[in-house]
Structure formats: C-alpha cells, structure tokens
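Structure file query_24.pdb (PDB, C-alpha atoms) is printed below.
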ATOM      1  CA  GLU Q   2       8.386  12.063  17.957  1.00  0.00           C
ATOM      2  CA  LEU Q   3       5.727  10.394  20.110  1.00  0.00           C
ATOM      3  CA  GLY Q   4       5.673   7.238  18.008  1.00  0.00           C
ATOM      4  CA  VAL Q   5       2.194   7.943  16.594  1.00  0.00           C
ATOM      5  CA  GLU Q   6       1.524   6.938  13.007  1.00  0.00           C
ATOM      6  CA  ILE Q   7      -0.999   9.162  11.258  1.00  0.00           C
ATOM      7  CA  VAL Q   8      -3.471   7.202   9.141  1.00  0.00           C
ATOM      8  CA  SER Q   9      -5.196   9.918   7.175  1.00  0.00           C
ATOM      9  CA  PRO Q  10      -5.430  11.163   3.580  1.00  0.00           C
ATOM     10  CA  ALA Q  11      -3.042  13.941   2.676  1.00  0.00           C
ATOM     11  CA  MET Q  12      -4.629  17.376   2.786  1.00  0.00           C
ATOM     12  CA  GLY Q  13      -5.212  19.401  -0.352  1.00  0.00           C
ATOM     13  CA  LYS Q  14      -5.809  18.361  -3.937  1.00  0.00           C
ATOM     14  CA  THR Q  15      -3.542  15.993  -5.790  1.00  0.00           C
ATOM     15  CA  PRO Q  16      -1.412  18.028  -8.236  1.00  0.00           C
ATOM     16  CA  ALA Q  17      -2.065  17.452 -11.921  1.00  0.00           C
ATOM     17  CA  GLY Q  18       0.403  15.419 -13.940  1.00  0.00           C
ATOM     18  CA  PHE Q  19       2.697  12.739 -12.660  1.00  0.00           C
ATOM     19  CA  SER Q  20       3.887  12.715  -9.081  1.00  0.00           C
ATOM     20  CA  LEU Q  21       7.036  14.227  -7.660  1.00  0.00           C
ATOM     21  CA  THR Q  22       7.904  10.725  -6.466  1.00  0.00           C
ATOM     22  CA  GLU Q  23       8.657   9.689 -10.061  1.00  0.00           C
ATOM     23  CA  PHE Q  24      11.800  11.809  -9.897  1.00  0.00           C
ATOM     24  CA  SER Q  25      14.973  10.217  -8.534  1.00  0.00           C
ATOM     25  CA  PHE Q  26      16.279  11.416  -5.169  1.00  0.00           C
ATOM     26  CA  SER Q  27      19.410  10.816  -3.152  1.00  0.00           C
ATOM     27  CA  ASP Q  28      19.388   9.546   0.411  1.00  0.00           C
ATOM     28  CA  ALA Q  29      19.404  13.182   1.511  1.00  0.00           C
ATOM     29  CA  ASP Q  30      16.229  13.828  -0.561  1.00  0.00           C
ATOM     30  CA  GLU Q  31      18.098  15.848  -3.159  1.00  0.00           C
ATOM     31  CA  MET Q  32      16.736  15.500  -6.704  1.00  0.00           C
ATOM     32  CA  ILE Q  33      19.268  13.795  -8.983  1.00  0.00           C
ATOM     33  CA  ALA Q  34      17.230  13.045 -12.140  1.00  0.00           C
ATOM     34  CA  CYS Q  35      13.826  13.475 -13.752  1.00  0.00           C
ATOM     35  CA  PRO Q  36      11.630  10.490 -14.804  1.00  0.00           C
ATOM     36  CA  GLU Q  37      13.214  10.628 -18.279  1.00  0.00           C
ATOM     37  CA  GLY Q  38      16.734  10.438 -16.833  1.00  0.00           C
ATOM     38  CA  GLN Q  39      17.756  14.087 -17.336  1.00  0.00           C
ATOM     39  CA  LYS Q  40      20.045  15.347 -14.583  1.00  0.00           C
ATOM     40  CA  PRO Q  41      19.711  18.847 -13.116  1.00  0.00           C
ATOM     41  CA  LYS Q  42      22.037  21.576 -14.353  1.00  0.00           C
ATOM     42  CA  LYS Q  43      22.154  23.171 -10.912  1.00  0.00           C
ATOM     43  CA  ILE Q  44      20.341  23.124  -7.581  1.00  0.00           C
ATOM     44  CA  LYS Q  45      19.797  26.182  -5.383  1.00  0.00           C
ATOM     45  CA  ASN Q  46      18.490  26.541  -1.855  1.00  0.00           C
ATOM     46  CA  GLY Q  47      14.988  27.989  -1.605  1.00  0.00           C
ATOM     47  CA  LYS Q  48      12.613  29.078   1.149  1.00  0.00           C
ATOM     48  CA  ASN Q  49      11.845  26.832   4.144  1.00  0.00           C
ATOM     49  CA  ASP Q  50      14.963  24.759   3.459  1.00  0.00           C
ATOM     50  CA  GLY Q  51      13.537  23.902   0.065  1.00  0.00           C
ATOM     51  CA  LYS Q  52      15.263  23.304  -3.225  1.00  0.00           C
ATOM     52  CA  ILE Q  53      15.062  24.997  -6.629  1.00  0.00           C
ATOM     53  CA  VAL Q  54      16.148  22.564  -9.328  1.00  0.00           C
ATOM     54  CA  HIS Q  55      17.103  23.808 -12.795  1.00  0.00           C
ATOM     55  CA  PHE Q  56      16.956  21.527 -15.852  1.00  0.00           C
ATOM     56  CA  ASP Q  57      18.043  22.184 -19.410  1.00  0.00           C
ATOM     57  CA  LYS Q  58      15.243  24.145 -21.052  1.00  0.00           C
ATOM     58  CA  VAL Q  59      15.792  22.806 -24.587  1.00  0.00           C
ATOM     59  CA  THR Q  60      15.720  19.213 -23.384  1.00  0.00           C
ATOM     60  CA  CYS Q  61      12.530  19.788 -21.369  1.00  0.00           C
ATOM     61  CA  GLU Q  62      10.768  21.475 -24.304  1.00  0.00           C
ATOM     62  CA  GLY Q  63      11.390  18.400 -26.443  1.00  0.00           C
ATOM     63  CA  CYS Q  64      10.347  15.920 -23.760  1.00  0.00           C
ATOM     64  CA  PRO Q  65       7.346  13.728 -24.741  1.00  0.00           C
ATOM     65  CA  ARG Q  66       6.016  13.959 -21.160  1.00  0.00           C
ATOM     66  CA  GLN Q  67       6.395  17.710 -20.884  1.00  0.00           C
ATOM     67  CA  SER Q  68       2.621  18.374 -20.749  1.00  0.00           C
ATOM     68  CA  ASP Q  69       2.248  16.223 -17.613  1.00  0.00           C
ATOM     69  CA  CYS Q  70       5.528  17.258 -15.961  1.00  0.00           C
ATOM     70  CA  PRO Q  71       5.536  19.502 -12.853  1.00  0.00           C
ATOM     71  CA  VAL Q  72       8.712  21.196 -14.123  1.00  0.00           C
ATOM     72  CA  LYS Q  73       7.849  24.734 -15.224  1.00  0.00           C
ATOM     73  CA  ILE Q  74       9.481  26.065 -18.369  1.00  0.00           C
ATOM     74  CA  LEU Q  75      10.500  29.674 -17.780  1.00  0.00           C
ATOM     75  CA  LYS Q  76      12.220  32.241 -19.966  1.00  0.00           C
ATOM     76  CA  ASN Q  77      15.759  31.023 -19.455  1.00  0.00           C
ATOM     77  CA  SER Q  78      15.386  27.638 -17.772  1.00  0.00           C
ATOM     78  CA  ALA Q  79      13.098  24.838 -16.683  1.00  0.00           C
ATOM     79  CA  THR Q  80      12.723  24.677 -12.907  1.00  0.00           C
ATOM     80  CA  ILE Q  81      10.897  22.813 -10.184  1.00  0.00           C
ATOM     81  CA  LYS Q  82      10.620  23.794  -6.517  1.00  0.00           C
ATOM     82  CA  TYR Q  83      10.034  21.487  -3.585  1.00  0.00           C
ATOM     83  CA  ASP Q  84      10.683  21.219   0.137  1.00  0.00           C
ATOM     84  CA  ASP Q  85      10.414  18.488   2.739  1.00  0.00           C
ATOM     85  CA  LYS Q  86       6.670  19.017   3.186  1.00  0.00           C
ATOM     86  CA  VAL Q  87       5.858  18.840  -0.538  1.00  0.00           C
ATOM     87  CA  LEU Q  88       7.964  15.720  -0.977  1.00  0.00           C
ATOM     88  CA  ARG Q  89       6.450  14.103   2.117  1.00  0.00           C
ATOM     89  CA  LEU Q  90       2.892  14.776   0.881  1.00  0.00           C
ATOM     90  CA  ALA Q  91       3.724  13.341  -2.531  1.00  0.00           C
ATOM     91  CA  ARG Q  92       5.035  10.170  -0.948  1.00  0.00           C
ATOM     92  CA  ARG Q  93       1.993   9.904   1.304  1.00  0.00           C
ATOM     93  CA  ARG Q  94      -0.332  10.118  -1.699  1.00  0.00           C
ATOM     94  CA  VAL Q  95       1.523   7.212  -3.272  1.00  0.00           C
ATOM     95  CA  VAL Q  96       1.072   5.144  -0.101  1.00  0.00           C
ATOM     96  CA  GLU Q  97      -2.648   6.020  -0.019  1.00  0.00           C
ATOM     97  CA  LYS Q  98      -3.161   4.122  -3.263  1.00  0.00           C
ATOM     98  CA  THR Q  99      -1.788   0.864  -1.837  1.00  0.00           C
ATOM     99  CA  GLU Q 100      -3.950  -1.988  -0.603  1.00  0.00           C
ATOM    100  CA  GLY Q 101      -2.222  -1.943   2.784  1.00  0.00           C
ATOM    101  CA  PHE Q 102      -3.243   1.669   3.443  1.00  0.00           C
ATOM    102  CA  ARG Q 103      -6.862   1.069   2.411  1.00  0.00           C
ATOM    103  CA  ASP Q 104      -7.048  -1.997   4.635  1.00  0.00           C
ATOM    104  CA  VAL Q 105      -5.990   0.065   7.669  1.00  0.00           C
ATOM    105  CA  TYR Q 106      -7.903   3.231   6.747  1.00  0.00           C
ATOM    106  CA  ARG Q 107     -11.255   1.424   6.444  1.00  0.00           C
ATOM    107  CA  PHE Q 108     -11.537   1.346  10.241  1.00  0.00           C
ATOM    108  CA  ARG Q 109     -11.806   5.126  10.257  1.00  0.00           C
ATOM    109  CA  SER Q 110     -15.375   5.038   8.926  1.00  0.00           C
ATOM    110  CA  GLY Q 111     -16.521   3.237  12.072  1.00  0.00           C
ATOM    111  CA  VAL Q 112     -14.859   5.621  14.494  1.00  0.00           C
ATOM    112  CA  GLU Q 113     -16.028   8.651  12.485  1.00  0.00           C
ATOM    113  CA  ALA Q 114     -19.643   7.606  13.112  1.00  0.00           C
ATOM    114  CA  THR Q 115     -18.888   7.302  16.819  1.00  0.00           C
ATOM    115  CA  MET Q 116     -17.334  10.775  16.990  1.00  0.00           C
ATOM    116  CA  SER Q 117     -20.273  12.196  15.046  1.00  0.00           C
ATOM    117  CA  ASP Q 118     -22.750  10.682  17.536  1.00  0.00           C
ATOM    118  CA  LEU Q 119     -20.677  11.995  20.419  1.00  0.00           C
ATOM    119  CA  ASP Q 120     -20.875  15.516  19.054  1.00  0.00           C
ATOM    120  CA  ARG Q 121     -24.484  15.420  17.880  1.00  0.00           C
ATOM    121  CA  MET Q 122     -26.038  13.610  20.844  1.00  0.00           C
ATOM    122  CA  THR Q 123     -23.977  14.935  23.758  1.00  0.00           C
ATOM    123  CA  GLY Q 124     -22.757  18.339  22.574  1.00  0.00           C
ATOM    124  CA  ILE Q 125     -19.244  17.559  23.750  1.00  0.00           C
ATOM    125  CA  LYS Q 126     -17.782  20.359  21.610  1.00  0.00           C
ATOM    126  CA  HIS Q 127     -19.596  23.025  23.614  1.00  0.00           C
ATOM    127  CA  LEU Q 128     -18.836  22.449  27.291  1.00  0.00           C
ATOM    128  CA  ARG Q 129     -19.891  25.150  29.748  1.00  0.00           C
ATOM    129  CA  ILE Q 130     -17.021  24.542  32.139  1.00  0.00           C
ATOM    130  CA  ARG Q 131     -13.351  25.389  32.341  1.00  0.00           C
ATOM    131  CA  GLY Q 132     -10.351  23.622  33.798  1.00  0.00           C
ATOM    132  CA  MET Q 133      -8.737  20.375  32.679  1.00  0.00           C
ATOM    133  CA  THR Q 134     -10.126  18.305  35.579  1.00  0.00           C
ATOM    134  CA  ARG Q 135     -13.723  19.418  35.047  1.00  0.00           C
ATOM    135  CA  VAL Q 136     -13.454  19.053  31.284  1.00  0.00           C
ATOM    136  CA  ARG Q 137     -12.064  15.525  31.676  1.00  0.00           C
ATOM    137  CA  VAL Q 138     -14.905  14.509  34.040  1.00  0.00           C
ATOM    138  CA  ALA Q 139     -17.551  15.981  31.727  1.00  0.00           C
ATOM    139  CA  ALA Q 140     -16.055  14.273  28.690  1.00  0.00           C
ATOM    140  CA  VAL Q 141     -15.873  10.896  30.445  1.00  0.00           C
ATOM    141  CA  LEU Q 142     -19.494  11.180  31.552  1.00  0.00           C
ATOM    142  CA  LYS Q 143     -20.668  12.083  28.067  1.00  0.00           C
ATOM    143  CA  VAL Q 144     -18.716   9.213  26.516  1.00  0.00           C
ATOM    144  CA  THR Q 145     -20.142   6.832  29.125  1.00  0.00           C
ATOM    145  CA  GLY Q 146     -23.649   8.006  28.337  1.00  0.00           C
ATOM    146  CA  LEU Q 147     -23.083   7.460  24.629  1.00  0.00           C
ATOM    147  CA  ASN Q 148     -21.750   3.960  25.322  1.00  0.00           C
ATOM    148  CA  ILE Q 149     -24.903   3.147  27.308  1.00  0.00           C
ATOM    149  CA  LEU Q 150     -27.128   4.421  24.483  1.00  0.00           C
ATOM    150  CA  ARG Q 151     -25.255   2.446  21.818  1.00  0.00           C
ATOM    151  CA  ALA Q 152     -25.137  -0.709  23.960  1.00  0.00           C
ATOM    152  CA  THR Q 153     -28.904  -0.460  24.505  1.00  0.00           C
ATOM    153  CA  ALA Q 154     -29.500   0.022  20.782  1.00  0.00           C
ATOM    154  CA  PHE Q 155     -27.353  -3.033  20.042  1.00  0.00           C
ATOM    155  CA  ARG Q 156     -29.231  -5.145  22.589  1.00  0.00           C
ATOM    156  CA  ASN Q 157     -32.605  -4.052  21.168  1.00  0.00           C
ATOM    157  CA  ARG Q 158     -31.401  -4.930  17.673  1.00  0.00           C
ATOM    158  CA  LEU Q 159     -30.461  -8.431  18.849  1.00  0.00           C
ATOM    159  CA  LYS Q 160     -33.920  -8.815  20.379  1.00  0.00           C
ATOM    160  CA  ARG Q 161     -35.582  -7.814  17.109  1.00  0.00           C
ATOM    161  CA  VAL Q 162     -33.451 -10.294  15.189  1.00  0.00           C
ATOM    162  CA  LYS Q 163     -34.333 -13.019  17.688  1.00  0.00           C
ATOM    163  CA  ARG Q 164     -38.053 -12.249  17.419  1.00  0.00           C
ATOM    164  CA  ARG Q 165     -37.867 -12.352  13.633  1.00  0.00           C
ATOM    165  CA  GLY Q 166     -36.090 -15.683  13.892  1.00  0.00           C
ATOM    166  CA  GLU Q 167     -38.757 -17.081  16.209  1.00  0.00           C
ATOM    167  CA  GLY Q 168     -41.470 -15.791  13.892  1.00  0.00           C
ATOM    168  CA  ALA Q 169     -39.774 -17.440  10.942  1.00  0.00           C
ATOM    169  CA  ASN Q 170     -39.574 -20.737  12.832  1.00  0.00           C
ATOM    170  CA  THR Q 171     -43.269 -20.493  13.737  1.00  0.00           C
ATOM    171  CA  LEU Q 172     -44.210 -19.848  10.118  1.00  0.00           C
ATOM    172  CA  LYS Q 173     -41.978 -22.706   8.981  1.00  0.00           C
ATOM    173  CA  PHE Q 174     -43.698 -25.080  11.434  1.00  0.00           C
ATOM    174  CA  ALA Q 175     -47.139 -23.967  10.260  1.00  0.00           C
ATOM    175  CA  LEU Q 176     -46.269 -24.487   6.610  1.00  0.00           C
ATOM    176  CA  HIS Q 177     -44.814 -27.900   7.404  1.00  0.00           C
ATOM    177  CA  LYS Q 178     -48.015 -28.880   9.200  1.00  0.00           C
ATOM    178  CA  ILE Q 179     -50.220 -27.753   6.316  1.00  0.00           C
ATOM    179  CA  VAL Q 180     -48.132 -29.604   3.729  1.00  0.00           C
ATOM    180  CA  LYS Q 181     -48.123 -32.728   5.884  1.00  0.00           C
ATOM    181  CA  GLU Q 182     -51.907 -32.663   6.260  1.00  0.00           C
ATOM    182  CA  ARG Q 183     -52.330 -32.166   2.517  1.00  0.00           C
ATOM    183  CA  ILE Q 184     -50.103 -35.138   1.774  1.00  0.00           C
ATOM    184  CA  LEU Q 185     -51.948 -37.368   4.275  1.00  0.00           C
ATOM    185  CA  HIS Q 186     -55.297 -36.494   2.735  1.00  0.00           C
ATOM    186  CA  LEU Q 187     -54.035 -36.822  -0.823  1.00  0.00           C
ATOM    187  CA  PRO Q 188     -55.260 -40.458  -1.351  1.00  0.00           C
ATOM    188  CA  ASP Q 189     -58.787 -39.550  -0.177  1.00  0.00           C
ATOM    189  CA  SER Q 190     -58.799 -36.512  -2.437  1.00  0.00           C
ATOM    190  CA  ILE Q 191     -57.702 -38.580  -5.433  1.00  0.00           C
ATOM    191  CA  HIS Q 192     -60.313 -41.243  -4.698  1.00  0.00           C
ATOM    192  CA  GLN Q 193     -63.038 -38.612  -4.375  1.00  0.00           C
ATOM    193  CA  PHE Q 194     -61.954 -36.933  -7.606  1.00  0.00           C
ATOM    194  CA  VAL Q 195     -62.092 -40.252  -9.493  1.00  0.00           C
ATOM    195  CA  ARG Q 196     -65.592 -41.025  -8.185  1.00  0.00           C
ATOM    196  CA  ILE Q 197     -66.873 -37.573  -9.201  1.00  0.00           C
ATOM    197  CA  PHE Q 198     -65.247 -37.847 -12.628  1.00  0.00           C
ATOM    198  CA  LEU Q 199     -66.701 -41.291 -13.278  1.00  0.00           C
ATOM    199  CA  SER Q 200     -70.161 -40.370 -12.053  1.00  0.00           C
ATOM    200  CA  ARG Q 201     -70.324 -37.257 -14.219  1.00  0.00           C
ATOM    201  CA  ASN Q 202     -69.390 -39.237 -17.293  1.00  0.00           C
ATOM    202  CA  ASN Q 203     -71.680 -42.225 -16.481  1.00  0.00           C
ATOM    203  CA  LEU Q 204     -68.611 -44.397 -16.379  1.00  0.00           C
ATOM    204  CA  PHE Q 205     -69.007 -45.572 -12.840  1.00  0.00           C
ATOM    205  CA  ASN Q 206     -72.362 -47.252 -13.473  1.00  0.00           C
ATOM    206  CA  PHE Q 207     -71.208 -48.648 -16.795  1.00  0.00           C
ATOM    207  CA  SER Q 208     -68.100 -50.183 -15.286  1.00  0.00           C
ATOM    208  CA  SER Q 209     -70.163 -51.556 -12.378  1.00  0.00           C
ATOM    209  CA  GLN Q 210     -72.639 -53.248 -14.779  1.00  0.00           C
ATOM    210  CA  ASN Q 211     -69.808 -54.767 -16.807  1.00  0.00           C
ATOM    211  CA  MET Q 212     -68.212 -56.085 -13.629  1.00  0.00           C
ATOM    212  CA  ALA Q 213     -71.566 -57.631 -12.627  1.00  0.00           C
TER
END
Could you take the file, read its structure, and then write that structure out as structure tokens?
Amino acid sequence: ELGVEIVSPAMGKTPAGFSLTEFSFSDADEMIACPEGQKPKKIKNGKNDGKIVHFDKVTCEGCPRQSDCPVKILKNSATIKYDDKVLRLARRRVVEKTEGFRDVYRFRSGVEATMSDLDRMTGIKHLRIRGMTRVRVAAVLKVTGLNILRATAFRNRLKRVKRRGEGANTLKFALHKIVKERILHLPDSIHQFVRIFLSRNNLFNFSSQNMA
C-alpha cells in the first residue's frame, strides 16, 4: 500500500516436492489444473478465504509424479489446500531463484553489516529514554557516531594502502639500482674472472710467451 517492495527471502522452509506454482491458476488465483493437466472435481472454500481443491483419487494414485506432489491422497479423495498467503510465498520462492533477485538481494549483505555494527557498537536497541522525539535524537546521534567511526577506519585503511605503495616503490627503486650497478660492473667482473682462471691454469703466462 505504501509502494515499498520487500526484497527478502520468504520465511519458513521450502516445502518438499514440486512447487504450488507448477499448478495452473485462473486470473482470480483459482486452481484449474495440476501439472499433469488433471482438472479438479470440485473446489470448496476453506479457512482464511482459502481453497480446498479435490482431484480424482484414482487418477492421482496412478500419477508418475505422485511422490513429489503436494496433493494429499485421503480416504475418499485427493485434496490440496491453499490460500493467498501460501500461493504468494510459493511465487516469491520462484522469484528468489532468478538472477534478477540475486542481483538486487546482494546489497543486503552490506547493509546487514552496518546494522550489526550499529547494534553492537552503540547499543541502539536498548535506549534508556522514552518519547518519539528523544528516541529520534538518540538514534540520529548514534548513527552519526557510527558514521564517524567507519569514515575514520576507511581513511586509515587508505593511509595504510598508500604507505604500502610507497614502500613498494622504494623497494622497486632499490632493486633497480642494485641491478643497474651489477650490470655496469659486469665487464670488470668478467675480465677479473678470466685473469684468475688463466693464472690458475698457467695459461696466462703461456699465452703471453707465445705472443712474445
């Protein structure tokens, strides 16, 4: 009535078997056929403006999907009961499995953490005051305090990331300097290695005598 769309999982456990939404309904939400195409024998009004639908018992007993069907086989008939709430929940559970619902619902995890912090850090659920005006002022102050705490934590996190980045740049510069110095001294190191190798193997003197 207020134009608010609830984005939340349906309460309770999902019933076993296939969903009520697999049945065919009229525009007035009156059941007109089961998933296998069997039409009801009669429909009665139940509690809370609900419906009690009776199917042919013999047909239901021979149905290949009978084990997963929400229709209950009784002594004289096969019946299923539903009302607007049950049908609405069944349809909501179908929507919950769609990609569109998951894409919208994923934002709830972020706001849930915020509400948890608000309760745990400020104790907003246990106010020691009465009166709507005082409660509103207290709630606004607590929310403002939480916003300051979270903004400070975010700023400190940015500072830590920046320091890590500066440290990485410093390390990168140091490594670059070391590699550069090694490369510049590489010819001298090679020359020194050759001299040592030749002197140890008496090749330097031999080659010098031959050259003379």
Name the residues that the PyMOL selection byres ((chain Q and resi 76) around 12) pulls out of this structure, and write them as a PyMOL selection string. chain Q and resi 57-59+62+73-75+77-80
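Between CA of Arg66 (chain Q) and CA of Cys35 (chain Q) there is a distance of 10.8 Å.
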So what do you get for CA of Asp84 (chain Q) versus CA of Ile53 (chain Q), distance-wise? 8.9 Å
Gap from CA of Asp118 (chain Q) to CA of Lys163 (chain Q) - Å, one decimal: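 Pair CA of Asp118 (chain Q) / CA of Lys163 (chain Q) returns 26.4 Å.
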For Met12 (chain Q), find every residue with an atom within 12 Å (counting all atoms listed in the file), except residues of its own chain fewer than 2 positions away, and show them as a PyMOL selection string. chain Q and resi 9-10+14-16+86-87+89-91+93-94+97
Skipping near chain neighbours, those fewer than 4 positions away, what residues fall within 12 Å of region 113-115 of chain Q using all atoms listed in the file, listed as a ChimeraX atom specification? /Q:106-109,119-123,144,147-148,150-151
Written as a PDB file with C-alpha atoms, in the frame of the given file, what is the full residue list that the PyMOL selection byres ((chain Q and resi 25-34) around 12) yields on the file shown?
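Output file out-v1.pdb is given in full below:
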ATOM      1  CA  SER Q  20       3.887  12.715  -9.081  1.00  0.00           C
ATOM      2  CA  LEU Q  21       7.036  14.227  -7.660  1.00  0.00           C
ATOM      3  CA  THR Q  22       7.904  10.725  -6.466  1.00  0.00           C
ATOM      4  CA  GLU Q  23       8.657   9.689 -10.061  1.00  0.00           C
ATOM      5  CA  PHE Q  24      11.800  11.809  -9.897  1.00  0.00           C
ATOM      6  CA  CYS Q  35      13.826  13.475 -13.752  1.00  0.00           C
ATOM      7  CA  PRO Q  36      11.630  10.490 -14.804  1.00  0.00           C
ATOM      8  CA  GLU Q  37      13.214  10.628 -18.279  1.00  0.00           C
ATOM      9  CA  GLY Q  38      16.734  10.438 -16.833  1.00  0.00           C
ATOM     10  CA  GLN Q  39      17.756  14.087 -17.336  1.00  0.00           C
ATOM     11  CA  LYS Q  40      20.045  15.347 -14.583  1.00  0.00           C
ATOM     12  CA  PRO Q  41      19.711  18.847 -13.116  1.00  0.00           C
ATOM     13  CA  LYS Q  42      22.037  21.576 -14.353  1.00  0.00           C
ATOM     14  CA  LYS Q  43      22.154  23.171 -10.912  1.00  0.00           C
ATOM     15  CA  ILE Q  44      20.341  23.124  -7.581  1.00  0.00           C
ATOM     16  CA  LYS Q  45      19.797  26.182  -5.383  1.00  0.00           C
ATOM     17  CA  ASN Q  46      18.490  26.541  -1.855  1.00  0.00           C
ATOM     18  CA  ASP Q  50      14.963  24.759   3.459  1.00  0.00           C
ATOM     19  CA  GLY Q  51      13.537  23.902   0.065  1.00  0.00           C
ATOM     20  CA  LYS Q  52      15.263  23.304  -3.225  1.00  0.00           C
ATOM     21  CA  ILE Q  53      15.062  24.997  -6.629  1.00  0.00           C
ATOM     22  CA  VAL Q  54      16.148  22.564  -9.328  1.00  0.00           C
ATOM     23  CA  HIS Q  55      17.103  23.808 -12.795  1.00  0.00           C
ATOM     24  CA  PHE Q  56      16.956  21.527 -15.852  1.00  0.00           C
ATOM     25  CA  ASP Q  57      18.043  22.184 -19.410  1.00  0.00           C
ATOM     26  CA  VAL Q  72       8.712  21.196 -14.123  1.00  0.00           C
ATOM     27  CA  THR Q  80      12.723  24.677 -12.907  1.00  0.00           C
ATOM     28  CA  ILE Q  81      10.897  22.813 -10.184  1.00  0.00           C
ATOM     29  CA  LYS Q  82      10.620  23.794  -6.517  1.00  0.00           C
ATOM     30  CA  TYR Q  83      10.034  21.487  -3.585  1.00  0.00           C
ATOM     31  CA  ASP Q  84      10.683  21.219   0.137  1.00  0.00           C
ATOM     32  CA  ASP Q  85      10.414  18.488   2.739  1.00  0.00           C
ATOM     33  CA  LYS Q  86       6.670  19.017   3.186  1.00  0.00           C
ATOM     34  CA  VAL Q  87       5.858  18.840  -0.538  1.00  0.00           C
ATOM     35  CA  LEU Q  88       7.964  15.720  -0.977  1.00  0.00           C
ATOM     36  CA  ARG Q  89       6.450  14.103   2.117  1.00  0.00           C
ATOM     37  CA  ARG Q  92       5.035  10.170  -0.948  1.00  0.00           C
TER      38      ARG Q  92
END
When the PyMOL selection byres ((chain Q and resi 69) around 8) is applied to the file above, which residues end up in the set, as a list of chain:residue names?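 Applying the PyMOL selection byres ((chain Q and resi 69) around 8) to the structure shown produces Q:Ala17, Q:Gly18, Q:Phe19, Q:Arg66, Q:Gln67, Q:Ser68, Q:Cys70, Q:Pro71.
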Taking 6 positions as the minimum chain separation for residues in the same chain, which residues sit within 12 Å of Gly124 (chain Q) when counting all atoms listed in the file? Answer as a list in words.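 So the residues in contact are Met116, Ser117, Asp118, Ala139, Ala140, Leu142, Lys143, Val144, Gly146 and Leu147 of chain Q.
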Rebuild region 96-110 of chain Q to N, CA, C and O atoms - output it as a PDB file, in the coordinates of the input, please.
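This went into out_37.pdb:
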ATOM      1  N   VAL Q  96       1.417   6.197  -1.072  1.00  0.00           N
ATOM      2  CA  VAL Q  96       1.072   5.144  -0.101  1.00  0.00           C
ATOM      3  C   VAL Q  96      -0.448   4.983   0.000  1.00  0.00           C
ATOM      4  O   VAL Q  96      -0.952   3.864   0.182  1.00  0.00           O
ATOM      5  N   GLU Q  97      -1.183   6.088  -0.128  1.00  0.00           N
ATOM      6  CA  GLU Q  97      -2.648   6.020  -0.019  1.00  0.00           C
ATOM      7  C   GLU Q  97      -3.279   5.125  -1.079  1.00  0.00           C
ATOM      8  O   GLU Q  97      -4.387   4.617  -0.894  1.00  0.00           O
ATOM      9  N   LYS Q  98      -2.619   4.934  -2.179  1.00  0.00           N
ATOM     10  CA  LYS Q  98      -3.161   4.122  -3.263  1.00  0.00           C
ATOM     11  C   LYS Q  98      -2.880   2.633  -3.076  1.00  0.00           C
ATOM     12  O   LYS Q  98      -3.357   1.820  -3.868  1.00  0.00           O
ATOM     13  N   THR Q  99      -2.129   2.264  -2.055  1.00  0.00           N
ATOM     14  CA  THR Q  99      -1.788   0.864  -1.837  1.00  0.00           C
ATOM     15  C   THR Q  99      -2.900   0.137  -1.105  1.00  0.00           C
ATOM     16  O   THR Q  99      -3.704   0.744  -0.373  1.00  0.00           O
ATOM     17  N   GLU Q 100      -2.932  -1.173  -1.258  1.00  0.00           N
ATOM     18  CA  GLU Q 100      -3.950  -1.988  -0.603  1.00  0.00           C
ATOM     19  C   GLU Q 100      -3.757  -1.991   0.911  1.00  0.00           C
ATOM     20  O   GLU Q 100      -4.724  -2.024   1.676  1.00  0.00           O
ATOM     21  N   GLY Q 101      -2.492  -1.948   1.350  1.00  0.00           N
ATOM     22  CA  GLY Q 101      -2.222  -1.943   2.784  1.00  0.00           C
ATOM     23  C   GLY Q 101      -2.803  -0.726   3.476  1.00  0.00           C
ATOM     24  O   GLY Q 101      -3.370  -0.834   4.572  1.00  0.00           O
ATOM     25  N   PHE Q 102      -2.684   0.453   2.849  1.00  0.00           N
ATOM     26  CA  PHE Q 102      -3.243   1.669   3.443  1.00  0.00           C
ATOM     27  C   PHE Q 102      -4.763   1.592   3.501  1.00  0.00           C
ATOM     28  O   PHE Q 102      -5.376   1.932   4.517  1.00  0.00           O
ATOM     29  N   ARG Q 103      -5.397   1.149   2.429  1.00  0.00           N
ATOM     30  CA  ARG Q 103      -6.862   1.069   2.411  1.00  0.00           C
ATOM     31  C   ARG Q 103      -7.371   0.078   3.443  1.00  0.00           C
ATOM     32  O   ARG Q 103      -8.437   0.270   4.027  1.00  0.00           O
ATOM     33  N   ASP Q 104      -6.620  -0.994   3.667  1.00  0.00           N
ATOM     34  CA  ASP Q 104      -7.048  -1.997   4.635  1.00  0.00           C
ATOM     35  C   ASP Q 104      -7.028  -1.431   6.050  1.00  0.00           C
ATOM     36  O   ASP Q 104      -7.875  -1.776   6.875  1.00  0.00           O
ATOM     37  N   VAL Q 105      -6.063  -0.551   6.345  1.00  0.00           N
ATOM     38  CA  VAL Q 105      -5.990   0.065   7.669  1.00  0.00           C
ATOM     39  C   VAL Q 105      -6.966   1.227   7.780  1.00  0.00           C
ATOM     40  O   VAL Q 105      -7.647   1.410   8.802  1.00  0.00           O
ATOM     41  N   TYR Q 106      -7.092   2.007   6.706  1.00  0.00           N
ATOM     42  CA  TYR Q 106      -7.903   3.231   6.747  1.00  0.00           C
ATOM     43  C   TYR Q 106      -9.404   2.940   6.837  1.00  0.00           C
ATOM     44  O   TYR Q 106     -10.170   3.790   7.280  1.00  0.00           O
ATOM     45  N   ARG Q 107      -9.817   1.736   6.443  1.00  0.00           N
ATOM     46  CA  ARG Q 107     -11.255   1.424   6.444  1.00  0.00           C
ATOM     47  C   ARG Q 107     -11.845   1.454   7.852  1.00  0.00           C
ATOM     48  O   ARG Q 107     -13.057   1.635   8.013  1.00  0.00           O
ATOM     49  N   PHE Q 108     -11.019   1.305   8.869  1.00  0.00           N
ATOM     50  CA  PHE Q 108     -11.537   1.346  10.241  1.00  0.00           C
ATOM     51  C   PHE Q 108     -11.942   2.759  10.645  1.00  0.00           C
ATOM     52  O   PHE Q 108     -12.660   2.935  11.628  1.00  0.00           O
ATOM     53  N   ARG Q 109     -11.483   3.748   9.896  1.00  0.00           N
ATOM     54  CA  ARG Q 109     -11.806   5.126  10.257  1.00  0.00           C
ATOM     55  C   ARG Q 109     -13.303   5.408  10.106  1.00  0.00           C
ATOM     56  O   ARG Q 109     -13.864   6.198  10.860  1.00  0.00           O
ATOM     57  N   SER Q 110     -13.947   4.778   9.138  1.00  0.00           N
ATOM     58  CA  SER Q 110     -15.375   5.038   8.926  1.00  0.00           C
ATOM     59  C   SER Q 110     -16.187   4.689  10.167  1.00  0.00           C
ATOM     60  O   SER Q 110     -17.142   5.388  10.517  1.00  0.00           O
TER      61      SER Q 110
END
